[in-house]
Amino acid sequence: MSATSKKMGRVSVPSLRMRKGGEPIVCLTAYTTPMAQRLDEHCDLLLVGDSLGMVVYGMESTLAVTVDMMVNHGKAVMRGSKNACVVVDLPFGSYQESKEQAFRTASHILSETGCAAVKLEGGAEMADTIAFLTARGVPVMAHIGLMPQQVNTMGGFKSQGRDDDAALKIIADAKTVAKAGAFSVVVEGTVEAVARRITETIDVPTIGIGASVACDGQVLVTEDILGLFSDFTPKFVKRYANLGDSVSEAVGQYADDVRTRKFPSDEHCFGIPKKGKLRAV
Ligand code: KIV
């Protein structure tokens with residue numbers, strides 16, 4: 001978390017909004033209480049991303065993630081954090097139909113979890129919804145570029161904005177969602193020039209994921225950087241630990257100990273009662 005926000009309660013949406021062009025915003029995904037406890041002191045922002053469908057539940061995409069899943073994981077992350085601003089994703093199908101549907105889902109998630117804001121995917125087509133929500137007390141983080149909920153229309157998890165038309169469309173999307181009231185914009189999977197142009201143009205912070213160092217902040221999936229999710233590793237991920245290997249090694253040792261009766265040893269047992277009938281047994 002930033003030096004300026006240390007020990008002042010949770011990082012708020014307005015304070016994040018004011019970080020535009022300043023100290024980079026540190027964001028990671030979190031889905032559980034123990035992980036949130038570890039991340040909280042280091043992060044300005046914890047994102048309860050719908051990536052949990054793939055990372056925690058083993059789904060092939062984020063499309064089957066439900067509002068109940070987001071609420072449960074949002075509550076868990078709120079319980080495990082006290083400093084970071086917590087943002088929860090609106091899952092696929094829970095907001096695209098109408099701005100009223102989006103408000104119902106967002107207000108439910110906000111009131112059930114106590115999180116500060118919601119994130120939704122989409123560019124210009126979501127502008128009315130973003131304006132509707134922000135005017136009614138729901139802070140919105142927008143998400144443009146590579147949008148995992150559009151995996152079927154995008155033809156896979158592919159980087160976006162590689163030709164002029166596509167690049168201009170993403171830049172236009174960024175301007176539109178910022179104008180509609182988004183307090184920050186996640187820019188995923190696009191070329192540096194696009195991310196740089198967006199960051200220079202809009203007046204709210206950009207949070208990049210696979211969008212270069214030009215952004216106002218960065219987000220990655222925690223399990224990716226820790227080596228806990230290995231189904232596939234996107235090019236933009238930097239791995240800081242190999243906890244998956246550590247887990248395999250530790251569990252292998254436990255299994256050996258159980259099979260060879262090395263565990264439990266005396267130090268892990270409650271011992272022989274000092275008095276009573278069992279003493280004689
Ligand atoms: O679902 C998610 O975790 C996300 C981030 C990776 C940006 O949207």
# chains A, B, ... in the order shown; residues from 1 in each chain; ligands from 1
call {"tool": "residues_around", "arguments": {"residues": "Ile209 (chain A)", "least_positions_apart": "2", "cutoff": "8 Å", "atoms": "only C-alpha atoms", "output": "VMD selection string"}}
result
chain A and resid 186 to 189 207 211 to 212 218 to 220 236
call {"tool": "write_last_selection", "arguments": {"atoms": "N, CA and C atoms", "output": "PDB file, in the first residue's frame"}}
result
ATOM      1  N   VAL A 186      -9.398  -0.826 -15.978  1.00  0.00           N
ATOM      2  CA  VAL A 186      -8.455  -1.926 -16.218  1.00  0.00           C
ATOM      3  C   VAL A 186      -8.270  -2.043 -17.730  1.00  0.00           C
ATOM      4  N   VAL A 187      -7.002  -2.029 -18.149  1.00  0.00           N
ATOM      5  CA  VAL A 187      -6.676  -2.177 -19.572  1.00  0.00           C
ATOM      6  C   VAL A 187      -5.930  -3.500 -19.703  1.00  0.00           C
ATOM      7  N   GLU A 188      -6.577  -4.476 -20.351  1.00  0.00           N
ATOM      8  CA  GLU A 188      -5.972  -5.816 -20.387  1.00  0.00           C
ATOM      9  C   GLU A 188      -5.506  -6.182 -21.793  1.00  0.00           C
ATOM     10  N   GLY A 189      -4.336  -6.800 -21.857  1.00  0.00           N
ATOM     11  CA  GLY A 189      -3.861  -7.479 -23.065  1.00  0.00           C
ATOM     12  C   GLY A 189      -3.837  -6.623 -24.311  1.00  0.00           C
ATOM     13  N   ILE A 207      -5.302   0.737 -14.853  1.00  0.00           N
ATOM     14  CA  ILE A 207      -4.656  -0.395 -14.173  1.00  0.00           C
ATOM     15  C   ILE A 207      -4.355  -1.413 -15.268  1.00  0.00           C
ATOM     16  N   ALA A 211      -0.432  -4.778 -20.306  1.00  0.00           N
ATOM     17  CA  ALA A 211      -0.632  -3.526 -21.037  1.00  0.00           C
ATOM     18  C   ALA A 211       0.539  -2.564 -20.810  1.00  0.00           C
ATOM     19  N   SER A 212       1.667  -3.099 -20.398  1.00  0.00           N
ATOM     20  CA  SER A 212       2.921  -2.337 -20.265  1.00  0.00           C
ATOM     21  C   SER A 212       2.989  -1.484 -19.004  1.00  0.00           C
ATOM     22  N   GLN A 218      -0.821  -1.573 -11.755  1.00  0.00           N
ATOM     23  CA  GLN A 218      -0.738  -2.911 -12.344  1.00  0.00           C
ATOM     24  C   GLN A 218      -1.571  -3.885 -11.534  1.00  0.00           C
ATOM     25  N   VAL A 219      -2.143  -4.859 -12.227  1.00  0.00           N
ATOM     26  CA  VAL A 219      -2.825  -5.971 -11.563  1.00  0.00           C
ATOM     27  C   VAL A 219      -2.371  -7.271 -12.205  1.00  0.00           C
ATOM     28  N   LEU A 220      -2.247  -8.309 -11.389  1.00  0.00           N
ATOM     29  CA  LEU A 220      -2.030  -9.664 -11.919  1.00  0.00           C
ATOM     30  C   LEU A 220      -2.838 -10.625 -11.060  1.00  0.00           C
ATOM     31  N   PHE A 236       2.305 -12.044 -20.175  1.00  0.00           N
ATOM     32  CA  PHE A 236       2.509 -10.855 -19.343  1.00  0.00           C
ATOM     33  C   PHE A 236       2.718 -11.157 -17.858  1.00  0.00           C
TER      34      PHE A 236
END
call {"tool": "residues_around", "arguments": {"residues": "Cys27 (chain A)", "least_positions_apart": "6", "cutoff": "12 Å", "atoms": "only C-alpha atoms", "output": "JSON, numbers by chain"}}
result
{"A": [1, 2, 11, 16, 36, 39, 40, 41, 42, 43, 44, 45, 46, 47, 48, 49, 84, 85, 86, 87, 186, 206, 207, 208, 209, 216, 217, 218, 219, 220, 221, 222]}
call {"tool": "select_by_dssp", "arguments": {"residues": "region 36-273 of chain A", "states": "strand (DSSP E or B)", "output": "PyMOL selection string"}}
result
chain A and resi 45-48+85-89+117-121+140-145+160+184-188+190+206-209+217-220
call {"tool": "residues_around", "arguments": {"residues": "region 53-57 of chain A", "least_positions_apart": "3", "cutoff": "12 Å", "atoms": "only C-alpha atoms", "output": "PyMOL selection string"}}
result
chain A and resi 29-32+48-50+60-67+69-70+73+89+91-92+148-149+221-224+227-233
call {"tool": "closest_residue", "arguments": {"among": "A:Arg136, A:His108, A:Arg19, A:Arg10", "to": "Asn83 (chain A)", "atoms": "only C-alpha atoms"}}
result
A:Arg10
call {"tool": "residues_around", "arguments": {"residues": "region 191-193 of chain A", "least_positions_apart": "3", "cutoff": "7 Å", "atoms": "only C-alpha atoms", "output": "PyMOL selection string"}}
result
chain A and resi 161-162+196-197+211-212+214
call {"tool": "write_last_selection", "arguments": {"atoms": "N, CA, C and O atoms", "output": "CSV table (one decimal), in the first residue's frame"}}
result
chain,number,residue,atom,x,y,z
A,161,GLY,N,-6.1,-4.9,-30.1
A,161,GLY,CA,-5.6,-3.5,-30.5
A,161,GLY,C,-4.4,-3.6,-31.3
A,161,GLY,O,-3.6,-2.7,-31.3
A,162,ARG,N,-4.2,-4.7,-32.1
A,162,ARG,CA,-3.0,-4.9,-32.8
A,162,ARG,C,-3.0,-4.2,-34.2
A,162,ARG,O,-2.0,-4.0,-34.8
A,196,ARG,N,-0.4,3.4,-23.4
A,196,ARG,CA,0.2,4.7,-23.2
A,196,ARG,C,-0.7,5.9,-23.6
A,196,ARG,O,-1.0,6.8,-22.8
A,197,ARG,N,-1.3,5.7,-24.8
A,197,ARG,CA,-2.2,6.8,-25.3
A,197,ARG,C,-3.4,6.9,-24.3
A,197,ARG,O,-3.8,8.0,-24.0
A,211,ALA,N,-0.4,-4.8,-20.3
A,211,ALA,CA,-0.6,-3.5,-21.0
A,211,ALA,C,0.5,-2.6,-20.8
A,211,ALA,O,0.4,-1.4,-21.0
A,212,SER,N,1.7,-3.1,-20.4
A,212,SER,CA,2.9,-2.3,-20.3
A,212,SER,C,3.0,-1.5,-19.0
A,212,SER,O,2.0,-1.3,-18.3
A,214,ALA,N,3.3,1.6,-18.9
A,214,ALA,CA,2.7,2.9,-19.2
A,214,ALA,C,1.5,3.2,-18.3
A,214,ALA,O,1.1,4.4,-18.2
call {"tool": "residues_around", "arguments": {"residues": "Ile202 (chain A)", "least_positions_apart": "4", "cutoff": "10 Å", "atoms": "only C-alpha atoms", "output": "list in words"}}
result
Lys20, Ile171, Ala174, Lys175, Thr176, Val177, Ala178, Lys179, Ser184, Val185, Arg197, Ile198 and Thr206 of chain A
call {"tool": "write_last_selection", "arguments": {"atoms": "C-alpha atoms", "output": "PDB file, in the first residue's frame"}}
result
ATOM      1  CA  LYS A  20      -3.735   9.421 -11.421  1.00  0.00           C
ATOM      2  CA  ILE A 171      -8.810   4.148 -27.018  1.00  0.00           C
ATOM      3  CA  ALA A 174     -11.415   4.128 -22.616  1.00  0.00           C
ATOM      4  CA  LYS A 175     -12.495   7.721 -23.167  1.00  0.00           C
ATOM      5  CA  THR A 176     -16.173   6.772 -23.152  1.00  0.00           C
ATOM      6  CA  VAL A 177     -16.094   4.718 -19.940  1.00  0.00           C
ATOM      7  CA  ALA A 178     -14.037   7.379 -18.160  1.00  0.00           C
ATOM      8  CA  LYS A 179     -16.476  10.088 -19.273  1.00  0.00           C
ATOM      9  CA  SER A 184     -10.505   3.712 -12.948  1.00  0.00           C
ATOM     10  CA  VAL A 185     -10.064   1.513 -15.994  1.00  0.00           C
ATOM     11  CA  ARG A 197      -2.229   6.784 -25.260  1.00  0.00           C
ATOM     12  CA  ILE A 198      -5.143   5.836 -23.004  1.00  0.00           C
ATOM     13  CA  THR A 206      -5.469   2.985 -15.706  1.00  0.00           C
TER      14      THR A 206
END
call {"tool": "atom_distance", "arguments": {"atom1": "CA of Leu120 (chain A)", "atom2": "CA of Tyr95 (chain A)"}}
result
8.1 Å
call {"tool": "residues_around", "arguments": {"residues": "Ala106 (chain A)", "least_positions_apart": "6", "cutoff": "9 Å", "atoms": "only C-alpha atoms", "output": "PyMOL selection string"}}
result
chain A and resi 90+94-95+117-118+133+138
call {"tool": "residues_around", "arguments": {"residues": "Glu121 (chain A)", "least_positions_apart": "6", "cutoff": "7 Å", "atoms": "only C-alpha atoms", "output": "NGL selection string"}}
result
:A and (142-144 or 147)
call {"tool": "closest_residue", "arguments": {"among": "A:Arg79, A:Lys158, A:His268, A:Lys119", "to": "ligand 1", "atoms": "only C-alpha atoms and all ligand atoms"}}
result
A:Lys119
